[in-house]
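The next block is final.cif, given as mmCIF, C-alpha atoms.
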```cif
data_start
#
loop_
_atom_site.label_atom_id
_atom_site.label_comp_id
_atom_site.auth_asym_id
_atom_site.auth_seq_id
_atom_site.Cartn_x
_atom_site.Cartn_y
_atom_site.Cartn_z
CA MET A 1207 31.48 -26.99 -20.28
CA VAL A 1208 35.05 -25.84 -19.56
CA SER A 1209 35.88 -22.41 -20.97
CA PRO A 1210 39.11 -22.10 -22.93
CA GLY A 1211 41.75 -19.81 -21.51
CA ILE A 1212 45.34 -19.13 -20.54
CA LEU A 1213 46.16 -19.71 -16.89
CA LEU A 1214 49.26 -18.31 -15.17
CA VAL A 1215 50.58 -20.60 -12.43
CA ASP A 1216 53.37 -19.99 -9.91
CA LYS A 1217 55.02 -23.42 -9.78
CA PRO A 1218 56.58 -24.45 -6.46
CA ALA A 1219 59.84 -26.36 -6.18
CA GLY A 1220 59.76 -30.13 -6.17
CA LEU A 1221 57.16 -30.60 -8.88
CA THR A 1222 57.57 -31.17 -12.59
CA SER A 1223 55.73 -29.06 -15.14
CA HIS A 1224 53.72 -32.20 -15.98
CA ASP A 1225 52.66 -32.40 -12.32
CA VAL A 1226 51.22 -28.89 -12.60
CA VAL A 1227 49.42 -29.81 -15.82
CA ALA A 1228 47.93 -32.88 -14.09
CA ARG A 1229 46.66 -30.80 -11.18
CA THR A 1230 45.20 -28.24 -13.58
CA ARG A 1231 43.36 -31.03 -15.41
CA ARG A 1232 41.77 -32.16 -12.17
CA ALA A 1233 40.91 -28.63 -11.06
CA PHE A 1234 39.26 -27.70 -14.36
CA GLY A 1235 37.81 -31.11 -15.18
CA THR A 1236 39.39 -31.48 -18.61
CA ARG A 1237 42.20 -33.46 -20.20
CA LYS A 1238 42.94 -30.76 -22.76
CA VAL A 1239 45.67 -28.86 -20.89
CA GLY A 1240 49.22 -28.00 -21.92
CA HIS A 1241 52.04 -25.63 -20.99
CA ALA A 1242 54.35 -23.21 -22.82
CA GLY A 1243 57.85 -24.13 -21.69
CA THR A 1244 59.11 -26.60 -19.09
CA LEU A 1245 60.47 -25.67 -15.67
CA ASP A 1246 62.78 -28.14 -13.92
CA PRO A 1247 61.55 -29.60 -10.61
CA MET A 1248 64.12 -27.48 -8.74
CA ALA A 1249 62.86 -24.29 -10.35
CA THR A 1250 59.92 -22.15 -9.27
CA GLY A 1251 57.90 -19.46 -10.96
CA LEU A 1252 55.78 -18.76 -13.96
CA LEU A 1253 54.27 -21.59 -15.95
CA VAL A 1254 51.89 -20.54 -18.74
CA ILE A 1255 49.07 -23.08 -19.04
CA GLY A 1256 46.62 -23.46 -21.93
CA ILE A 1257 43.16 -24.92 -21.34
CA GLU A 1258 40.88 -26.42 -23.99
CA GLY A 1259 41.15 -24.62 -27.36
CA ALA A 1260 43.56 -22.05 -25.91
CA THR A 1261 46.26 -24.74 -26.04
CA ARG A 1262 46.56 -23.71 -29.70
CA LEU A 1263 48.02 -20.39 -28.55
CA LEU A 1264 50.91 -22.04 -26.68
CA THR A 1265 52.83 -22.35 -29.96
CA TYR A 1266 52.95 -18.55 -30.12
CA ILE A 1267 53.98 -18.15 -26.46
CA VAL A 1268 56.70 -20.77 -26.05
CA GLY A 1269 59.24 -18.78 -28.09
CA ALA A 1270 58.85 -15.57 -26.07
CA ASP A 1271 61.74 -13.97 -24.18
CA LYS A 1272 61.94 -14.81 -20.50
CA THR A 1273 63.22 -13.36 -17.22
CA TYR A 1274 64.82 -15.39 -14.43
CA LEU A 1275 66.10 -14.75 -10.94
CA ALA A 1276 68.89 -17.18 -10.11
CA THR A 1277 71.64 -18.01 -7.66
CA ILE A 1278 74.95 -19.20 -9.09
CA ARG A 1279 77.43 -20.95 -6.81
CA LEU A 1280 81.04 -20.53 -7.86
CA GLY A 1281 83.59 -23.02 -6.60
CA GLN A 1282 81.94 -26.34 -7.43
CA THR A 1283 80.80 -28.20 -10.53
CA THR A 1284 78.06 -30.83 -10.58
CA GLY A 1285 76.99 -33.51 -13.01
CA THR A 1286 73.78 -31.67 -13.83
CA ASP A 1287 75.09 -28.08 -13.65
CA ASP A 1288 72.63 -27.48 -10.81
CA ALA A 1289 72.20 -28.36 -7.12
CA GLU A 1290 70.43 -31.65 -7.88
CA GLY A 1291 73.58 -33.23 -9.31
CA GLU A 1292 76.55 -34.89 -7.63
CA ILE A 1293 79.46 -32.56 -6.89
CA LEU A 1294 82.24 -33.39 -9.34
CA THR A 1295 84.94 -30.83 -8.55
CA THR A 1296 85.73 -28.31 -5.83
CA ALA A 1297 88.05 -25.37 -6.48
CA ALA A 1298 91.43 -25.34 -4.80
CA PRO A 1299 92.05 -22.41 -2.39
CA GLU A 1300 94.73 -20.90 -4.63
CA ALA A 1301 92.25 -20.69 -7.54
CA TRP A 1302 90.25 -18.09 -5.66
CA ASP A 1303 93.01 -15.49 -5.89
CA ALA A 1304 91.89 -14.61 -9.42
CA VAL A 1305 88.16 -14.41 -8.56
CA THR A 1306 87.94 -10.71 -7.87
CA ASP A 1307 84.82 -8.60 -8.18
CA GLU A 1308 86.24 -7.23 -11.41
CA ALA A 1309 86.83 -10.74 -12.78
CA VAL A 1310 83.26 -11.78 -11.95
CA SER A 1311 81.93 -8.67 -13.66
CA ALA A 1312 84.06 -9.33 -16.74
CA GLY A 1313 82.89 -12.95 -16.85
CA ILE A 1314 79.26 -11.88 -16.74
CA THR A 1315 79.86 -9.34 -19.51
CA GLN A 1316 81.34 -12.07 -21.72
CA LEU A 1317 78.12 -14.06 -21.33
CA THR A 1318 75.86 -11.12 -22.20
CA GLY A 1319 74.55 -10.39 -25.68
CA GLU A 1320 74.51 -12.82 -28.58
CA ILE A 1321 76.40 -15.89 -27.40
CA SER A 1322 76.92 -19.51 -28.41
CA GLN A 1323 75.87 -21.86 -25.62
CA VAL A 1324 76.11 -25.62 -25.14
CA PRO A 1325 72.97 -26.81 -23.31
CA SER A 1326 73.31 -28.97 -20.22
CA ALA A 1327 73.41 -32.69 -20.98
CA VAL A 1328 70.42 -33.19 -18.67
CA SER A 1329 68.20 -30.85 -20.67
CA ALA A 1330 64.91 -31.84 -22.30
CA ILE A 1331 66.39 -31.53 -25.80
CA LYS A 1332 65.66 -34.60 -27.88
CA VAL A 1333 68.53 -36.67 -29.26
CA ASP A 1334 67.40 -39.24 -31.83
CA GLY A 1335 63.88 -39.16 -30.44
CA ARG A 1336 64.75 -39.36 -26.71
CA ARG A 1337 65.24 -36.59 -24.16
CA ALA A 1338 68.88 -35.90 -23.37
CA TYR A 1339 68.29 -36.31 -19.63
CA GLU A 1340 66.77 -39.77 -20.23
CA ARG A 1341 69.92 -40.84 -22.05
CA VAL A 1342 72.14 -39.48 -19.27
CA ARG A 1343 70.12 -41.32 -16.62
CA ALA A 1344 70.52 -44.50 -18.67
CA GLY A 1345 74.29 -44.12 -18.42
CA GLU A 1346 74.90 -42.75 -21.91
CA GLU A 1347 77.36 -39.96 -22.60
CA VAL A 1348 75.53 -37.04 -24.20
CA VAL A 1349 77.22 -34.08 -25.89
CA LEU A 1350 74.83 -31.50 -27.29
CA ALA A 1351 75.60 -29.08 -30.08
CA ALA A 1352 76.08 -25.41 -29.28
CA ARG A 1353 73.24 -23.06 -30.14
CA ASP A 1354 73.03 -19.31 -30.55
CA VAL A 1355 71.02 -17.50 -27.87
CA VAL A 1356 70.60 -13.91 -26.73
CA VAL A 1357 71.17 -12.80 -23.14
CA SER A 1358 69.91 -9.22 -23.18
CA ARG A 1359 70.44 -8.67 -19.44
CA PHE A 1360 72.72 -10.47 -16.98
CA ASP A 1361 72.91 -8.32 -13.86
CA LEU A 1362 74.55 -9.11 -10.54
CA LEU A 1363 72.22 -8.30 -7.64
CA ALA A 1364 74.17 -9.53 -4.61
CA THR A 1365 77.15 -11.67 -3.58
CA ARG A 1366 77.71 -13.90 -0.55
CA ARG A 1367 81.06 -15.48 0.25
CA GLY A 1368 81.10 -18.77 2.13
CA ASP A 1369 83.63 -21.46 3.00
CA GLY A 1370 85.11 -22.35 -0.37
CA HIS A 1371 82.36 -20.87 -2.50
CA LEU A 1372 80.87 -17.62 -3.72
CA ASP A 1373 77.11 -17.25 -4.33
CA LEU A 1374 75.89 -14.75 -6.89
CA ASP A 1375 72.27 -13.60 -7.05
CA VAL A 1376 71.54 -12.55 -10.64
CA VAL A 1377 68.69 -11.52 -12.91
CA VAL A 1378 68.69 -12.68 -16.53
CA ASP A 1379 66.60 -11.59 -19.51
CA CYS A 1380 67.10 -14.02 -22.37
CA SER A 1381 65.75 -15.53 -25.53
CA SER A 1382 63.82 -18.76 -25.54
CA GLY A 1383 66.15 -21.76 -25.45
CA THR A 1384 68.69 -20.18 -23.11
CA TYR A 1385 69.81 -22.42 -20.25
CA ILE A 1386 70.59 -20.60 -17.01
CA ARG A 1387 72.39 -23.71 -15.75
CA SER A 1388 74.73 -23.36 -18.69
CA LEU A 1389 75.39 -19.71 -17.83
CA ALA A 1390 76.33 -20.79 -14.30
CA ARG A 1391 78.59 -23.56 -15.61
CA ASP A 1392 80.28 -21.31 -18.19
CA LEU A 1393 80.80 -18.42 -15.77
CA GLY A 1394 82.48 -20.74 -13.30
CA ALA A 1395 84.64 -22.25 -16.03
CA SER A 1396 85.80 -18.84 -17.25
CA LEU A 1397 86.86 -17.93 -13.71
CA GLY A 1398 88.71 -21.22 -13.22
CA VAL A 1399 86.72 -22.35 -10.17
CA GLY A 1400 83.68 -24.06 -11.67
CA GLY A 1401 80.07 -23.18 -11.05
CA HIS A 1402 76.54 -24.48 -10.90
CA LEU A 1403 73.01 -23.24 -10.31
CA THR A 1404 71.50 -23.49 -6.82
CA ALA A 1405 68.21 -21.60 -7.29
CA LEU A 1406 66.07 -20.57 -10.24
CA ARG A 1407 62.82 -18.65 -10.49
CA ARG A 1408 61.11 -17.65 -13.73
CA THR A 1409 59.37 -14.33 -13.30
CA ARG A 1410 58.31 -13.48 -16.87
CA VAL A 1411 57.35 -15.17 -20.13
CA GLY A 1412 56.86 -12.55 -22.85
CA PRO A 1413 54.10 -10.22 -21.61
CA PHE A 1414 53.05 -12.53 -18.76
CA ASP A 1415 54.37 -11.90 -15.24
CA VAL A 1416 54.51 -14.17 -12.22
CA SER A 1417 52.91 -11.42 -10.11
CA ASP A 1418 49.64 -12.26 -11.90
CA ALA A 1419 49.97 -16.01 -11.35
CA VAL A 1420 48.09 -18.24 -8.91
CA GLY A 1421 49.51 -20.89 -6.62
CA LEU A 1422 48.54 -24.56 -6.82
CA ASP A 1423 46.22 -24.14 -3.83
CA ALA A 1424 44.16 -21.61 -5.80
CA LEU A 1425 43.60 -23.57 -9.03
CA GLU A 1426 39.96 -24.29 -8.24
CA GLY A 1427 37.95 -21.41 -9.69
CA ALA A 1428 41.07 -19.55 -10.83
CA THR A 1429 40.53 -16.77 -13.36
CA THR A 1430 41.97 -17.32 -16.81
CA LEU A 1431 42.71 -14.98 -19.68
CA THR A 1432 40.33 -15.49 -22.58
CA PRO A 1433 41.95 -16.56 -25.85
CA GLY A 1434 41.29 -13.06 -27.21
CA GLU A 1435 42.90 -11.38 -24.19
CA ALA A 1436 45.93 -13.65 -24.29
CA ALA A 1437 46.44 -13.38 -28.04
CA GLY A 1438 46.15 -9.60 -27.80
CA ARG A 1439 49.08 -9.54 -25.38
CA ILE A 1440 51.44 -11.58 -27.52
CA LEU A 1441 50.51 -10.45 -31.04
CA PRO A 1442 49.29 -7.36 -32.88
CA VAL A 1443 45.48 -7.19 -32.89
CA LEU A 1444 43.43 -6.91 -36.08
CA GLU A 1445 39.77 -6.07 -35.54
CA MET A 1446 37.59 -7.78 -38.12
CA SER A 1447 34.12 -7.00 -39.40
CA GLY A 1448 31.41 -9.62 -39.18
CA ASP A 1449 31.85 -10.54 -42.84
CA GLU A 1450 35.64 -10.78 -42.49
CA ALA A 1451 35.29 -12.94 -39.39
CA ARG A 1452 32.95 -15.30 -41.24
CA ASP A 1453 35.31 -15.54 -44.22
CA LEU A 1454 38.31 -16.34 -42.02
CA ARG A 1455 36.37 -18.98 -40.11
CA HIS A 1456 35.46 -20.58 -43.43
CA GLY A 1457 39.09 -20.66 -44.50
CA LYS A 1458 38.87 -17.82 -47.01
CA ARG A 1459 41.64 -15.28 -47.56
CA LEU A 1460 41.09 -11.57 -47.09
CA SER A 1461 42.15 -10.30 -50.46
CA GLY A 1462 44.46 -7.28 -50.55
CA GLN A 1463 44.43 -6.83 -46.75
CA ALA A 1464 48.06 -7.68 -45.89
CA ALA A 1465 48.94 -4.00 -45.47
CA ARG A 1466 46.77 -3.90 -42.33
CA LEU A 1467 49.33 -6.09 -40.57
CA GLU A 1468 52.74 -4.54 -39.81
CA GLU A 1469 54.26 -7.78 -38.57
CA THR A 1470 54.19 -11.28 -40.06
CA ILE A 1471 51.30 -12.59 -37.97
CA GLY A 1472 48.52 -11.11 -35.85
CA ALA A 1473 45.47 -11.94 -33.73
CA ALA A 1474 42.16 -11.58 -35.59
CA ILE A 1475 39.35 -10.45 -33.26
CA ASP A 1476 35.67 -10.41 -34.24
CA PRO A 1477 33.18 -7.59 -33.39
CA ASP A 1478 32.26 -9.38 -30.13
CA GLY A 1479 35.88 -9.41 -28.95
CA LEU A 1480 36.30 -13.13 -29.60
CA LEU A 1481 39.45 -14.59 -31.09
CA ILE A 1482 38.88 -15.85 -34.61
CA GLY A 1483 42.41 -17.13 -34.90
CA ILE A 1484 45.91 -16.16 -35.96
CA VAL A 1485 46.34 -14.62 -39.40
CA GLU A 1486 49.46 -14.24 -41.51
CA LYS A 1487 50.50 -12.41 -44.63
CA ARG A 1488 50.37 -14.31 -47.90
CA GLY A 1489 51.49 -11.91 -50.58
CA ALA A 1490 48.93 -9.08 -50.59
CA ASP A 1491 46.37 -11.20 -48.72
CA LEU A 1492 45.70 -12.23 -45.13
CA LYS A 1493 45.24 -15.93 -44.46
CA SER A 1494 44.41 -17.91 -41.34
CA ALA A 1495 47.44 -19.65 -39.84
CA MET A 1496 45.31 -21.05 -37.01
CA ASN A 1497 41.57 -20.90 -36.38
CA MET A 1498 40.06 -21.33 -32.95
CA PRO A 1499 37.60 -24.23 -32.67
CA GLU A 1500 33.91 -23.34 -32.60
CA GLY A 1501 32.89 -22.51 -29.05
CA ASP A 1502 36.50 -22.01 -27.91
CA ARG A 1503 36.94 -18.34 -28.68
#
```
Entire entry expressed as structure tokens:
Amino acid sequence: MVSPGILLVDKPAGLTSHDVVARTRRAFGTRKVGHAGTLDPMATGLLVIGIEGATRLLTYIVGADKTYLATIRLGQTTGTDDAEGEILTTAAPEAWDAVTDEAVSAGITQLTGEISQVPSAVSAIKVDGRRAYERVRAGEEVVLAARDVVVSRFDLLATRRGDGHLDLDVVVDCSSGTYIRSLARDLGASLGVGGHLTALRRTRVGPFDVSDAVGLDALEGATTLTPGEAAGRILPVLEMSGDEARDLRHGKRLSGQAARLEETIGAAIDPDGLLIGIVEKRGADLKSAMNMPEGDR
């Protein structure tokens, strides 16, 4: 029997997130595998994988803040806002006169904090039931609505000037739903030379770090976080007595216990350290928002 758990995988370039899920299914011998947040084929880094009943926890992970290392190339725009797309425009030599170090710094500052961002047209956002990138590949023109995101850190690490372009190595901390390709595009547009993303690596998803992840060649026998361990990293922990654990598993509310939980939801752990499920406040009571399946705790 396959044990439920959360697996941290360091995805290589050239594979889709679904490819990683498929390999994990083969390695663990189960079809019940999912992930918390897609990485493009070009991108590398942390993919959080749920196995068996732990897939229920992915809902609570996918919205976590994330950290990326990226390289932005100024001087060219592409149809996909990254290196996989066709080059559409190349900046004229005279446009570079205004691209000083101070201008780059100011452009980055403008894209830091609470910003409104238009996602790339080749994103996985659904438009009338179909992914935006599917519509673009079918020849449709797709214009997505702007969304509010938070870029809490956008730091320049290094610069490299080449023939007609400027590469910026950056680190970005951001809210879920932020598109780094869009940051590259918008920074280039603000500087008047265009820009796109040439490299992207996700190093953190909430409390999970890529330094703890395994490569695809180490999936067989890889260690996973138990549902209780994983839930305890992403949510406040509430330790339950045996009677409370039984009541929650039977769908009963814990009357008058809401004050035990400072936040809206928390991870309920039984006396054996097993995850009962996720509980939430309902007035003065605590109620199960999600219960782990029997045997998957």
Exercise. Of the candidates A:Lys1272, A:Arg1439, A:Gly1400, A:Asp1307, which one gets nearest to A:Thr1295 if we count only C-alpha atoms?
Worked result: A:Gly1400
For this session: Could you state which residues are captured by the PyMOL selection byres ((chain A and resi 1210-1216) around 7) in this file, as number ranges by chain?
Result: A: 1208-1209, 1217-1218, 1250-1260, 1416, 1418-1421, 1430-1433, 1436, 1502
Exercise. For A:Ile1482, which of A:Gly1313, A:Pro1413, A:Gly1269, A:Gly1434 is the closest residue, counting all atoms listed in the file?
Worked result: A:Gly1434
Exercise. Expressed in Å to a single decimal, how great is the separation between atom CA of A:Arg1466 and atom CA of A:Lys1493?
Worked result: 12.3 Å
Exercise. Just so the selection is clear, what residues does the PyMOL selection byres ((chain A and resi 1412) around 12) cover here, as a PyMOL selection string?
Worked result: chain A and resi 1242-1243+1252-1254+1264+1266-1274+1379-1382+1408-1411+1413-1416+1436-1437+1439-1441
Problem set entry | Residues matched by the PyMOL selection byres ((chain A and resi 1452) around 12) as JSON, numbers by chain | {"A": [1446, 1447, 1448, 1449, 1450, 1451, 1453, 1454, 1455, 1456, 1457, 1458, 1459, 1460, 1474, 1475, 1476, 1477, 1482, 1483, 1494, 1497, 1500]}
Problem set entry | Å distance separating atom CA of A:Phe1360 from atom CA of A:Gly1438, one decimal place | 28.7 Å
For this session: Return the single residue from A:Ala1289, A:Ala1352, A:Leu1294, A:Val1378 that is closest to A:Ile1314, with distances computed using only C-alpha atoms.
Result: A:Val1378
For this session: For atom CA of A:Glu1300 and atom CA of A:Arg1391, determine how far apart the two atoms are, in Å to one decimal place.
Result: 19.7 Å
For this session: Would you mind telling me which residue in A:Glu1320, A:Ser1388, A:Pro1299, A:Gly1370 lies nearest to A:Val1355 when using all atoms listed in the file?
Result: A:Glu1320
Exercise. Could you name the residues that touch stretch 1383-1387 of chain A at 8 Å or less, counting all atoms listed in the file, but leaving out those on the same chain fewer than 2 positions away, as a ChimeraX atom specification?
Worked result: /A:1269,1276,1287-1288,1323,1325-1326,1355-1357,1380-1381,1389-1391,1402-1403
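The list of residues with at least one atom within 8 Å of stretch 1222-1231 of chain A, based on all atoms listed in the file and without residues fewer than 5 positions apart in the same chain, reads A:Lys1217, A:Thr1236, A:Arg1237, A:Lys1238, A:Val1239, A:Gly1240, A:His1241, A:Thr1244, A:Leu1245, A:Asp1246, A:Pro1247, A:Leu1253, A:Ile1255, A:Leu1422, A:Leu1425.
Distances to A:Glu1486 were evaluated for A:Ile1471, A:Ile1321, A:Leu1444, A:Ile1278 using only C-alpha atoms, and the minimum falls at A:Ile1471.
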Problem set entry | Top pick for closest residue to A:Asp1375, considering A:Ala1301, A:Leu1350, A:Val1310, A:Thr1277 and counting only C-alpha atoms | A:Thr1277
Please, what is the axis-aligned box for every listed atom of stretch 1381-1384 of chain A with 6 Å on each side, as centre and edge lengths in Å to one decimal, as JSON?
```
{"center_x": 66.3, "center_y": -18.6, "center_z": -24.3, "size_x": 16.9, "size_y": 18.2, "size_z": 14.4}
```
